[in-house]
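Have a look at input_13.tsv; it's TSV, C-alpha atoms:
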chain	number	residue	atom	x	y	z
A	1	MET	CA	17.95	-40.31	-13.05
A	2	SER	CA	17.79	-37.02	-14.95
A	3	GLN	CA	18.69	-33.75	-13.28
A	4	ALA	CA	16.10	-31.73	-11.40
A	5	ARG	CA	14.11	-29.01	-13.08
A	6	LEU	CA	15.14	-25.55	-11.89
A	7	MET	CA	12.59	-23.44	-10.02
A	8	GLU	CA	13.77	-20.05	-11.20
A	9	GLY	CA	12.30	-17.09	-9.39
A	10	THR	CA	13.62	-14.41	-11.73
A	11	ALA	CA	10.92	-14.61	-14.41
A	12	LEU	CA	8.04	-14.95	-11.95
A	13	ALA	CA	9.40	-12.07	-9.85
A	14	ARG	CA	9.65	-9.94	-12.99
A	15	ARG	CA	5.98	-10.55	-13.78
A	16	ILE	CA	4.96	-9.70	-10.22
A	17	VAL	CA	6.98	-6.49	-10.30
A	18	GLU	CA	5.57	-5.51	-13.70
A	19	ASP	CA	2.04	-5.93	-12.36
A	20	THR	CA	2.98	-4.08	-9.17
A	21	THR	CA	4.43	-1.21	-11.21
A	22	LYS	CA	1.17	-0.85	-13.12
A	23	ARG	CA	-0.85	-0.90	-9.89
A	24	ALA	CA	1.46	1.70	-8.32
A	25	ALA	CA	1.05	4.00	-11.32
A	26	ASP	CA	-2.73	3.60	-11.29
A	27	LEU	CA	-2.87	4.31	-7.56
A	28	THR	CA	-0.71	7.40	-7.97
A	29	ASP	CA	-2.90	8.68	-10.83
A	30	ARG	CA	-6.11	8.14	-8.85
A	31	THR	CA	-4.97	9.48	-5.48
A	32	GLY	CA	-2.11	11.82	-6.30
A	33	THR	CA	0.03	9.95	-3.79
A	34	ALA	CA	2.67	7.41	-4.73
A	35	PRO	CA	3.13	4.30	-2.56
A	36	CYS	CA	6.00	4.90	-0.16
A	37	LEU	CA	8.32	2.42	1.56
A	38	ALA	CA	10.46	3.65	4.44
A	39	THR	CA	13.68	1.73	5.01
A	40	VAL	CA	15.50	1.95	8.33
A	41	LEU	CA	19.13	0.90	8.70
A	42	VAL	CA	21.06	0.88	11.97
A	43	GLY	CA	24.83	0.97	11.54
A	44	GLU	CA	26.92	0.42	8.43
A	45	ASP	CA	27.10	-3.34	7.96
A	46	PRO	CA	28.27	-3.67	4.33
A	47	ALA	CA	25.83	-6.45	3.42
A	48	SER	CA	22.90	-4.57	4.95
A	49	VAL	CA	23.89	-1.34	3.19
A	50	THR	CA	23.96	-3.23	-0.11
A	51	TYR	CA	20.60	-4.92	0.50
A	52	VAL	CA	18.90	-1.65	1.40
A	53	ARG	CA	20.36	0.12	-1.63
A	54	MET	CA	19.12	-2.68	-3.89
A	55	LYS	CA	15.63	-2.56	-2.40
A	56	ARG	CA	15.47	1.22	-2.81
A	57	ASN	CA	16.55	0.94	-6.44
A	58	ARG	CA	13.86	-1.66	-7.10
A	59	CYS	CA	11.29	0.62	-5.46
A	60	ARG	CA	12.22	3.50	-7.72
A	61	LYS	CA	11.92	1.37	-10.84
A	62	ALA	CA	8.47	0.19	-9.72
A	63	GLY	CA	7.14	3.69	-9.11
A	64	ILE	CA	7.33	3.34	-5.33
A	65	GLU	CA	8.82	6.19	-3.36
A	66	SER	CA	11.61	5.26	-0.98
A	67	ARG	CA	12.34	7.12	2.23
A	68	HIS	CA	15.57	6.03	3.87
A	69	VAL	CA	16.54	6.56	7.50
A	70	GLU	CA	20.13	5.84	8.53
A	71	LEU	CA	20.89	5.57	12.24
A	72	PRO	CA	24.31	5.23	13.89
A	73	ALA	CA	25.45	1.87	15.19
A	74	ALA	CA	25.23	3.17	18.77
A	75	THR	CA	21.47	3.81	18.44
A	76	THR	CA	19.58	2.43	21.43
A	77	THR	CA	16.44	0.34	21.30
A	78	GLU	CA	14.45	3.28	22.67
A	79	GLU	CA	15.77	5.61	19.98
A	80	LEU	CA	15.05	3.08	17.24
A	81	VAL	CA	11.53	2.46	18.53
A	82	GLY	CA	10.96	6.22	18.53
A	83	THR	CA	12.04	6.48	14.90
A	84	LEU	CA	9.77	3.61	13.88
A	85	ARG	CA	6.79	5.07	15.73
A	86	SER	CA	7.34	8.39	13.99
A	87	LEU	CA	7.28	6.67	10.61
A	88	SER	CA	4.26	4.66	11.68
A	89	SER	CA	2.28	7.83	12.40
A	90	ASP	CA	3.23	9.45	9.08
A	91	PRO	CA	0.34	9.06	6.60
A	92	GLY	CA	2.77	9.52	3.72
A	93	VAL	CA	4.55	6.27	4.63
A	94	HIS	CA	2.69	3.11	3.63
A	95	GLY	CA	5.24	0.42	4.43
A	96	ILE	CA	8.19	0.12	6.80
A	97	LEU	CA	11.22	-2.12	6.37
A	98	LEU	CA	13.62	-2.43	9.29
A	99	GLN	CA	16.79	-4.01	7.93
A	100	HIS	CA	17.97	-6.95	9.98
A	101	PRO	CA	19.93	-8.46	11.60
A	102	MET	CA	20.76	-5.66	14.04
A	103	SER	CA	23.44	-5.21	16.67
A	104	GLU	CA	23.11	-7.41	19.75
A	105	HIS	CA	22.51	-4.42	22.03
A	106	ILE	CA	19.19	-3.72	20.28
A	107	ASP	CA	16.03	-5.54	21.31
A	108	GLU	CA	15.06	-6.63	17.81
A	109	ARG	CA	11.61	-7.86	18.79
A	110	ALA	CA	10.74	-4.58	20.54
A	111	ALA	CA	11.79	-2.72	17.40
A	112	PHE	CA	9.71	-4.91	15.11
A	113	GLU	CA	6.66	-4.50	17.33
A	114	ALA	CA	6.86	-0.71	16.91
A	115	ILE	CA	5.70	-1.25	13.31
A	116	PRO	CA	1.88	-1.33	12.98
A	117	PRO	CA	0.44	-4.36	11.16
A	118	GLU	CA	-0.97	-2.22	8.34
A	119	LYS	CA	2.56	-1.01	7.51
A	120	ASP	CA	4.38	-4.28	8.23
A	121	VAL	CA	5.06	-5.06	4.57
A	122	ASP	CA	8.04	-7.24	5.55
A	123	GLY	CA	5.82	-9.47	7.70
A	124	VAL	CA	7.94	-9.38	10.85
A	125	THR	CA	5.51	-8.58	13.68
A	126	PHE	CA	3.58	-10.84	16.03
A	127	ALA	CA	0.37	-9.72	14.33
A	128	SER	CA	1.62	-10.71	10.89
A	129	PHE	CA	2.74	-14.11	12.14
A	130	ALA	CA	-0.68	-14.66	13.69
A	131	THR	CA	-2.56	-13.77	10.50
A	132	MET	CA	-0.26	-16.06	8.51
A	133	SER	CA	-0.82	-18.88	10.97
A	134	PHE	CA	-4.60	-18.49	11.04
A	135	GLY	CA	-5.00	-17.84	7.31
A	136	LEU	CA	-6.40	-14.35	7.89
A	137	PRO	CA	-5.87	-11.24	5.73
A	138	GLY	CA	-2.54	-9.58	6.39
A	139	PHE	CA	1.01	-9.33	5.17
A	140	VAL	CA	3.19	-12.42	4.94
A	141	SER	CA	6.89	-12.61	5.67
A	142	CYS	CA	8.40	-11.82	2.30
A	143	THR	CA	10.65	-14.83	1.77
A	144	PRO	CA	8.05	-17.41	2.92
A	145	GLY	CA	5.42	-15.66	0.81
A	146	GLY	CA	7.74	-15.77	-2.19
A	147	ILE	CA	8.41	-19.47	-1.61
A	148	MET	CA	4.69	-20.26	-1.64
A	149	ARG	CA	4.27	-18.35	-4.89
A	150	LEU	CA	7.13	-20.35	-6.41
A	151	LEU	CA	5.52	-23.63	-5.39
A	152	ASP	CA	2.27	-22.53	-7.00
A	153	GLU	CA	4.06	-21.39	-10.16
A	154	TYR	CA	5.60	-24.84	-10.58
A	155	ASP	CA	2.34	-26.66	-9.79
A	156	VAL	CA	3.55	-28.06	-6.48
A	157	ASP	CA	0.54	-28.81	-4.29
A	158	PRO	CA	1.72	-29.28	-0.68
A	159	SER	CA	-1.50	-31.01	0.35
A	160	GLY	CA	-0.77	-34.39	1.90
A	161	LYS	CA	2.98	-34.05	1.35
A	162	ARG	CA	5.67	-34.32	4.03
A	163	ALA	CA	7.43	-30.96	4.29
A	164	VAL	CA	10.64	-30.53	6.28
A	165	VAL	CA	11.74	-27.01	7.19
A	166	VAL	CA	15.37	-26.76	8.26
A	167	GLY	CA	15.52	-23.57	10.31
A	168	ARG	CA	13.25	-21.91	12.84
A	169	SER	CA	13.79	-18.17	12.52
A	170	ALA	CA	10.84	-15.92	13.27
A	171	ILE	CA	10.77	-14.41	9.77
A	172	LEU	CA	11.61	-17.43	7.61
A	173	GLY	CA	11.58	-20.92	9.08
A	174	LYS	CA	8.60	-20.63	11.40
A	175	PRO	CA	6.29	-18.71	9.03
A	176	VAL	CA	7.02	-20.85	5.96
A	177	GLY	CA	6.13	-23.91	8.02
A	178	MET	CA	2.82	-22.33	9.00
A	179	LEU	CA	2.05	-21.41	5.39
A	180	LEU	CA	2.78	-24.99	4.31
A	181	LEU	CA	0.60	-26.31	7.12
A	182	ALA	CA	-2.22	-24.05	5.91
A	183	CYS	CA	-1.91	-25.82	2.55
A	184	ASP	CA	-2.39	-29.18	4.26
A	185	ALA	CA	1.22	-30.31	4.25
A	186	THR	CA	2.51	-32.37	7.17
A	187	VAL	CA	5.26	-30.15	8.51
A	188	THR	CA	8.37	-31.05	10.50
A	189	TYR	CA	10.70	-28.34	11.82
A	190	CYS	CA	14.40	-29.12	12.16
A	191	HIS	CA	17.14	-27.06	13.76
A	192	SER	CA	20.61	-27.14	15.27
A	193	ARG	CA	19.59	-29.67	17.93
A	194	THR	CA	17.74	-32.06	15.63
A	195	ARG	CA	19.20	-35.54	15.97
A	196	ASP	CA	20.18	-37.29	12.75
A	197	LEU	CA	19.03	-34.44	10.52
A	198	SER	CA	19.80	-36.39	7.36
A	199	SER	CA	17.33	-39.15	8.18
A	200	VAL	CA	14.52	-36.62	8.71
A	201	VAL	CA	15.27	-34.75	5.49
A	202	ARG	CA	15.33	-38.02	3.51
A	203	GLU	CA	11.62	-38.51	4.26
A	204	ALA	CA	10.60	-35.12	2.90
A	205	ASP	CA	8.63	-34.53	-0.29
A	206	ILE	CA	9.35	-30.82	0.13
A	207	VAL	CA	12.54	-29.51	1.75
A	208	VAL	CA	12.94	-25.87	2.74
A	209	ALA	CA	16.53	-25.09	3.75
A	210	ALA	CA	16.57	-21.88	5.78
A	211	VAL	CA	19.24	-22.25	8.42
A	212	GLY	CA	22.13	-20.12	7.12
A	213	ARG	CA	24.77	-22.85	6.96
A	214	PRO	CA	26.44	-23.33	3.59
A	215	ARG	CA	25.82	-26.67	1.85
A	216	LEU	CA	24.34	-28.21	5.00
A	217	ILE	CA	21.87	-30.30	3.00
A	218	ARG	CA	23.65	-32.77	0.74
A	219	GLY	CA	22.40	-34.66	-2.28
A	220	GLU	CA	22.44	-37.96	-0.38
A	221	ASP	CA	19.97	-36.39	2.09
A	222	ILE	CA	17.38	-35.73	-0.64
A	223	LYS	CA	14.54	-38.13	-1.35
A	224	PRO	CA	14.53	-38.89	-5.10
A	225	GLY	CA	12.11	-36.55	-6.85
A	226	ALA	CA	11.69	-34.21	-3.87
A	227	VAL	CA	11.11	-30.46	-4.20
A	228	VAL	CA	14.07	-28.56	-2.74
A	229	ILE	CA	13.74	-24.89	-1.80
A	230	ASP	CA	17.06	-23.32	-0.87
A	231	ALA	CA	16.33	-20.13	1.09
A	232	GLY	CA	19.90	-19.81	2.34
A	233	TYR	CA	22.33	-17.22	1.11
A	234	ASN	CA	25.92	-17.41	2.26
A	235	PRO	CA	29.11	-15.66	1.15
A	236	GLY	CA	30.16	-16.59	-2.37
A	237	ASN	CA	26.60	-17.09	-3.66
A	238	VAL	CA	26.36	-20.39	-1.81
A	239	GLY	CA	23.05	-21.71	-0.47
A	240	ASP	CA	22.22	-24.04	2.38
A	241	VAL	CA	21.94	-26.93	-0.08
A	242	ASP	CA	24.86	-28.55	-1.88
A	243	PHE	CA	23.36	-27.80	-5.28
A	244	ASP	CA	25.66	-29.94	-7.43
A	245	SER	CA	24.79	-33.16	-5.60
A	246	ALA	CA	21.17	-32.30	-4.81
A	247	VAL	CA	20.29	-31.51	-8.43
A	248	GLU	CA	21.05	-35.14	-9.27
A	249	ARG	CA	18.30	-36.44	-6.94
A	250	ALA	CA	15.65	-33.73	-6.60
A	251	GLY	CA	12.67	-33.34	-8.92
A	252	LEU	CA	12.60	-29.55	-8.59
A	253	ILE	CA	15.21	-27.29	-7.01
A	254	THR	CA	15.80	-23.56	-6.63
A	255	PRO	CA	19.16	-22.15	-7.71
A	256	VAL	CA	21.20	-19.73	-5.60
A	257	PRO	CA	21.15	-16.99	-6.69
A	258	GLY	CA	18.09	-16.59	-8.91
A	259	GLY	CA	15.60	-18.73	-7.01
A	260	VAL	CA	14.08	-17.48	-3.76
A	261	GLY	CA	15.91	-14.12	-3.64
A	262	PRO	CA	14.07	-12.31	-6.46
A	263	MET	CA	10.73	-13.49	-5.03
A	264	THR	CA	11.50	-11.90	-1.67
A	265	ILE	CA	11.93	-8.43	-3.14
A	266	ALA	CA	8.96	-8.84	-5.49
A	267	THR	CA	6.75	-9.74	-2.51
A	268	LEU	CA	8.00	-6.71	-0.57
A	269	LEU	CA	7.13	-4.34	-3.42
A	270	GLU	CA	3.76	-5.96	-4.00
A	271	GLN	CA	2.81	-5.70	-0.33
A	272	THR	CA	3.91	-2.06	-0.19
A	273	VAL	CA	1.48	-1.19	-3.00
A	274	GLU	CA	-1.23	-3.24	-1.27
A	275	ALA	CA	-0.63	-1.24	1.93
A	276	ALA	CA	-0.88	2.04	0.00
A	277	ALA	CA	-4.09	0.92	-1.68
A	278	ALA	CA	-5.60	-0.04	1.69
A	279	ALA	CA	-4.61	3.35	3.13
A	280	ALA	CA	-6.31	5.08	0.19
A	281	ARG	CA	-9.49	3.07	0.76
A	282	HIS	CA	-9.51	3.80	4.48
A	283	PRO	CA	-7.80	7.16	5.03
A	284	GLY	CA	-7.10	8.03	8.63
A	285	VAL	CA	-7.44	4.45	9.86

Could you write out this file's structure as structure tokens?
Amino acid sequence: MSQARLMEGTALARRIVEDTTKRAADLTDRTGTAPCLATVLVGEDPASVTYVRMKRNRCRKAGIESRHVELPAATTTEELVGTLRSLSSDPGVHGILLQHPMSEHIDERAAFEAIPPEKDVDGVTFASFATMSFGLPGFVSCTPGGIMRLLDEYDVDPSGKRAVVVGRSAILGKPVGMLLLACDATVTYCHSRTRDLSSVVREADIVVAAVGRPRLIRGEDIKPGAVVIDAGYNPGNVGDVDFDSAVERAGLITPVPGGVGPMTIATLLEQTVEAAAAAARHPGV
């Protein structure tokens, strides 16, 4: 069997960002106000600092203003919620990104819920999950949204296919399963307590690995010709799929890096401009 075709997100993400940049410039010209993304970082986790810096740089290149708020590691949930509510009430801020994960002493869900749906460009609130699940207008979780765009780009129609999602996080595993279900896939969620994970994965036409365990999914677990989406990112540029063995059996597979990652950021930028455009259409709402 020949090796799988790579589902590279870099080129598609570049096209999305180019279109987003043009839309941001047009919006700024028409309204006099540039789209603005506020990023909030609690503490100084090196990986989080790097991610936020990268996102801010991408914003600047796309003509999106970036407002950054750094809070000390000892920040309480109440203090964080207050900061987020202040940003939420600022008409100059169109999107809010709260970098996660956060320290265990912070109630992450309470913090997320301080972000109003119209500024939830990262798709992390209850409201965003509900709109994703019911197919209503709203912002999607960025990585799941990017995954669905990748599937479309490579002409993968989930309808009637068996999709297995390995991982059940609130901002990746659960929402991507709901988006696949909305496209008429038959969806199975797997997690740390799934018995005989390999046997479940072997039945999948589409596999989404989103559990955060390096090389958990092996080539022998992949159904020949299956579509494999590796949404994991572990130290050393290693995904949740053992790429070298999986590429020998899959039909399509995302590389790590260069697959899902670029799509996540492109979706974030696109949704920020959409939020700014909506605010311009309905000022004061």

Hey, what's within 7 Å of Pro214 (chain A) if we count all atoms listed in the file and toss same-chain stuff fewer than 5 positions away? As a PyMOL selection string, please?
chain A and resi 234+238-241

Where does region 29-128 of chain A meet region 143-166 of chain A within 12 Å, residue by residue, with the nearest atom pair and distance in Å to one decimal for each, counting all atoms listed in the file, listed by chain and rising number, as a tab-separated table?
residue	atom	partner	partner_atom	distance
A:Val121	CA	A:Gly145	CA	11.3
A:Asp122	CA	A:Thr143	CA	8.9
A:Gly123	CA	A:Gly145	CA	9.3
A:Val124	CA	A:Thr143	CA	10.9
A:Ser128	CA	A:Gly145	CA	11.9

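You will find CA of Leu268 (chain A) at 27.4 Å from CA of Thr186 (chain A).
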
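Excluding Ser66 (chain A) and any residue on its chain fewer than 6 positions from it, the residues at most 6 Å away by all atoms listed in the file are Cys36, Leu37, Ala38 and Arg56 of chain A.
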
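Reported to one decimal place, the separation of CA of Asp120 (chain A) from CA of Ser89 (chain A) is 13.0 Å.
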
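The closest residue to Ser103 (chain A), picked from A:Gly232, A:Pro72, A:Asp244, A:Ile253 and counting all atoms listed in the file, is A:Pro72.
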
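Across A:Thr39, A:Ala34, A:Ala182, A:Tyr233, the tightest approach to Met54 (chain A) is made by A:Thr39 when counting all atoms listed in the file.
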
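The space between CA of His68 (chain A) and CA of Leu84 (chain A) spans 11.8 Å.
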
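When only C-alpha atoms are used to measure the gap to Thr83 (chain A), the shortest distance among A:Ala62, A:Thr125, A:Ala25, A:Val40 belongs to A:Val40.
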
Neighbours of point (8.0, -0.2, -10.6) within 12 Å, using all atoms listed in the file, written as an NGL selection string:
:A and (13-26 or 28 or 34-36 or 55-66 or 265-266 or 268-270 or 272-273)

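Across A:Ala74, A:Ala276, A:Val228, A:Leu180, the tightest approach to Gly259 (chain A) is made by A:Val228 when counting all atoms listed in the file.
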
Do a neighbour search on Thr131 (chain A) at 10 Å with all atoms listed in the file, toss out local chain neighbours closer than 6 positions, and write the hits as a PyMOL selection string.
chain A and resi 117+123+137-140

Could you check the closest approach to Val247 (chain A) for each of A:Ile222, A:Met132, A:Leu172, A:Met263 and tell me which residue wins, using all atoms listed in the file?
A:Ile222

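Of the residues under consideration (A:Leu41, A:Ala185, A:Ala209, A:Val52), A:Leu41 shows the shortest atom-to-atom contact distance to Val69 (chain A) when counting only C-alpha atoms.
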
Neighbour residues at most 6 Å from (21.0, 3.8, 13.5) (all atoms listed in the file) as an mmCIF file with C-alpha atoms, keeping the file's coordinate frame:
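Output contents, as saved in point-v5.cif:
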data_model
loop_
_atom_site.group_PDB
_atom_site.id
_atom_site.type_symbol
_atom_site.label_atom_id
_atom_site.label_comp_id
_atom_site.auth_asym_id
_atom_site.auth_seq_id
_atom_site.Cartn_x
_atom_site.Cartn_y
_atom_site.Cartn_z
ATOM 1 C CA LEU A 41 19.130 0.900 8.700
ATOM 2 C CA VAL A 42 21.060 0.880 11.970
ATOM 3 C CA GLY A 43 24.830 0.970 11.540
ATOM 4 C CA GLU A 70 20.130 5.840 8.530
ATOM 5 C CA LEU A 71 20.890 5.570 12.240
ATOM 6 C CA PRO A 72 24.310 5.230 13.890
ATOM 7 C CA ALA A 73 25.450 1.870 15.190
ATOM 8 C CA THR A 75 21.470 3.810 18.440
#

Within 7 Å of Gly225 (chain A) using all atoms listed in the file, minus same-chain residues under 6 positions, as a PyMOL selection string
chain A and resi 249-251
